[in-house]
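Here's the structure, in structure tokens; my notes come after.
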Amino acid sequence: MGFEVASQRKEAIRDALRRLQKLADGPQDGPKKIFPLLYDRLSHDYRDDPTFVAFRRILRDHMMET
């Protein structure tokens with residue numbers, strides 16, 4: 001799902017994040033539970049990689065909005 005969505009427009013990524021968030025068990029579920037690998041990779045493995053700045057920004061904006 002990752003590359004297929006990421007290769008499309010920014011709104012496709014946001015739509016995918018919304019779909020993933022709907023799978024959460026409850027309102028107490030945080031980003032590490034809802035987006036485990038994505039959150040982990042963007043916050044640790046690729047934290048200093050400028051290639052992923054746009055993806056971190058999209059995820060951050062999504063979390064702030066929801």
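Ligands are numbered from 1 in the order shown, chains are lettered A, B, ... in the order of the structure tokens, and residues start at 1 in each chain.
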Problem set entry | 12 Å contact set for region 25-30 of chain A, only C-alpha atoms, chain neighbours under 6 positions out, as a PyMOL selection string | chain A and resi 36+39+63-64+66
Problem set entry | Who sits within 12 Å of Asp61 (chain A), only C-alpha atoms, same chain under 3 positions skipped, as an MDAnalysis selection string | chainID A and resid 10 13:14 17:18 54:58 64:66
Exercise. When you draw a straight line from CA of Lys32 (chain A) to CA of Pro50 (chain A), how long is it in Å?
Worked result: 21.6 Å
For this session: Find the residues around Arg19 (chain A) up to 12 Å (only C-alpha atoms counted), leave out those fewer than 5 positions away in its own chain, and share them as a ChimeraX atom specification.
Result: /A:1,12-14,24,34-35,62
Output file for the selection above: all heavy atoms, as a PDB file, in the first residue's frame:
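Final output, saved to out.pdb:
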ATOM      1  N   MET A   1       0.823  -1.196   0.000  1.00  0.00           N
ATOM      2  CA  MET A   1       0.000   0.000   0.000  1.00  0.00           C
ATOM      3  C   MET A   1       0.866   1.258   0.000  1.00  0.00           C
ATOM      4  O   MET A   1       0.511   2.251  -0.598  1.00  0.00           O
ATOM      5  CB  MET A   1      -0.915  -0.009   1.218  1.00  0.00           C
ATOM      6  CG  MET A   1      -1.804   1.178   1.324  1.00  0.00           C
ATOM      7  SD  MET A   1      -2.924   0.917   2.713  1.00  0.00           S
ATOM      8  CE  MET A   1      -3.391   2.549   3.075  1.00  0.00           C
ATOM      9  N   ALA A  12      -4.126  11.653  -1.664  1.00  0.00           N
ATOM     10  CA  ALA A  12      -4.224  10.193  -1.591  1.00  0.00           C
ATOM     11  C   ALA A  12      -3.556   9.674  -0.325  1.00  0.00           C
ATOM     12  O   ALA A  12      -4.050   8.733   0.309  1.00  0.00           O
ATOM     13  CB  ALA A  12      -3.596   9.547  -2.821  1.00  0.00           C
ATOM     14  N   ILE A  13      -2.455  10.290   0.052  1.00  0.00           N
ATOM     15  CA  ILE A  13      -1.769   9.906   1.289  1.00  0.00           C
ATOM     16  C   ILE A  13      -2.654  10.242   2.480  1.00  0.00           C
ATOM     17  O   ILE A  13      -2.824   9.421   3.391  1.00  0.00           O
ATOM     18  CB  ILE A  13      -0.401  10.612   1.397  1.00  0.00           C
ATOM     19  CG1 ILE A  13       0.510  10.172   0.257  1.00  0.00           C
ATOM     20  CG2 ILE A  13       0.249  10.328   2.752  1.00  0.00           C
ATOM     21  CD1 ILE A  13       1.777  10.983   0.129  1.00  0.00           C
ATOM     22  N   ARG A  14      -3.246  11.414   2.482  1.00  0.00           N
ATOM     23  CA  ARG A  14      -4.130  11.798   3.581  1.00  0.00           C
ATOM     24  C   ARG A  14      -5.348  10.880   3.666  1.00  0.00           C
ATOM     25  O   ARG A  14      -5.779  10.518   4.755  1.00  0.00           O
ATOM     26  CB  ARG A  14      -4.571  13.246   3.418  1.00  0.00           C
ATOM     27  CG  ARG A  14      -3.435  14.212   3.634  1.00  0.00           C
ATOM     28  CD  ARG A  14      -3.898  15.630   3.400  1.00  0.00           C
ATOM     29  NE  ARG A  14      -2.780  16.523   3.541  1.00  0.00           N
ATOM     30  CZ  ARG A  14      -2.840  17.664   4.179  1.00  0.00           C
ATOM     31  NH1 ARG A  14      -3.954  18.065   4.726  1.00  0.00           N
ATOM     32  NH2 ARG A  14      -1.778  18.429   4.265  1.00  0.00           N
ATOM     33  N   ALA A  24      -8.610   2.075  14.233  1.00  0.00           N
ATOM     34  CA  ALA A  24      -8.228   2.173  15.648  1.00  0.00           C
ATOM     35  C   ALA A  24      -9.344   1.628  16.539  1.00  0.00           C
ATOM     36  O   ALA A  24     -10.525   1.730  16.220  1.00  0.00           O
ATOM     37  CB  ALA A  24      -7.925   3.616  16.009  1.00  0.00           C
ATOM     38  N   ILE A  34      -1.758   3.403  15.888  1.00  0.00           N
ATOM     39  CA  ILE A  34      -2.513   3.513  14.639  1.00  0.00           C
ATOM     40  C   ILE A  34      -1.606   3.364  13.416  1.00  0.00           C
ATOM     41  O   ILE A  34      -1.956   2.715  12.442  1.00  0.00           O
ATOM     42  CB  ILE A  34      -3.267   4.858  14.586  1.00  0.00           C
ATOM     43  CG1 ILE A  34      -4.281   4.936  15.726  1.00  0.00           C
ATOM     44  CG2 ILE A  34      -3.963   5.029  13.244  1.00  0.00           C
ATOM     45  CD1 ILE A  34      -4.909   6.310  15.895  1.00  0.00           C
ATOM     46  N   PHE A  35      -0.434   3.985  13.460  1.00  0.00           N
ATOM     47  CA  PHE A  35       0.509   3.964  12.336  1.00  0.00           C
ATOM     48  C   PHE A  35       1.858   3.415  12.809  1.00  0.00           C
ATOM     49  O   PHE A  35       2.875   4.111  12.724  1.00  0.00           O
ATOM     50  CB  PHE A  35       0.726   5.375  11.788  1.00  0.00           C
ATOM     51  CG  PHE A  35      -0.517   6.193  11.608  1.00  0.00           C
ATOM     52  CD1 PHE A  35      -0.783   7.260  12.438  1.00  0.00           C
ATOM     53  CD2 PHE A  35      -1.420   5.889  10.604  1.00  0.00           C
ATOM     54  CE1 PHE A  35      -1.919   8.029  12.273  1.00  0.00           C
ATOM     55  CE2 PHE A  35      -2.565   6.642  10.427  1.00  0.00           C
ATOM     56  CZ  PHE A  35      -2.819   7.715  11.261  1.00  0.00           C
ATOM     57  N   HIS A  62      -1.806  15.594   9.705  1.00  0.00           N
ATOM     58  CA  HIS A  62      -2.958  14.705   9.909  1.00  0.00           C
ATOM     59  C   HIS A  62      -3.221  14.494  11.401  1.00  0.00           C
ATOM     60  O   HIS A  62      -4.369  14.570  11.851  1.00  0.00           O
ATOM     61  CB  HIS A  62      -2.729  13.360   9.227  1.00  0.00           C
ATOM     62  CG  HIS A  62      -3.771  12.356   9.568  1.00  0.00           C
ATOM     63  ND1 HIS A  62      -5.028  12.373   9.010  1.00  0.00           N
ATOM     64  CD2 HIS A  62      -3.755  11.323  10.444  1.00  0.00           C
ATOM     65  CE1 HIS A  62      -5.736  11.386   9.520  1.00  0.00           C
ATOM     66  NE2 HIS A  62      -4.979  10.736  10.391  1.00  0.00           N
TER      67      HIS A  62
END
For this session: Report as an MDAnalysis selection string: the residues of region 2-57 of chain A with a DSSP assignment of alpha helix (DSSP H), based on the backbone of this structure.
Result: chainID A and resid 2:6 10:22 31:34 36:40 53:57
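When only C-alpha atoms are used to compute distances to Leu59 (chain A), the closest of the residues A:Lys33, A:Phe3, A:Leu38, A:Gln8 turns out to be A:Leu38.
The space between CA of Leu23 (chain A) and CA of Arg9 (chain A) spans 22.5 Å.
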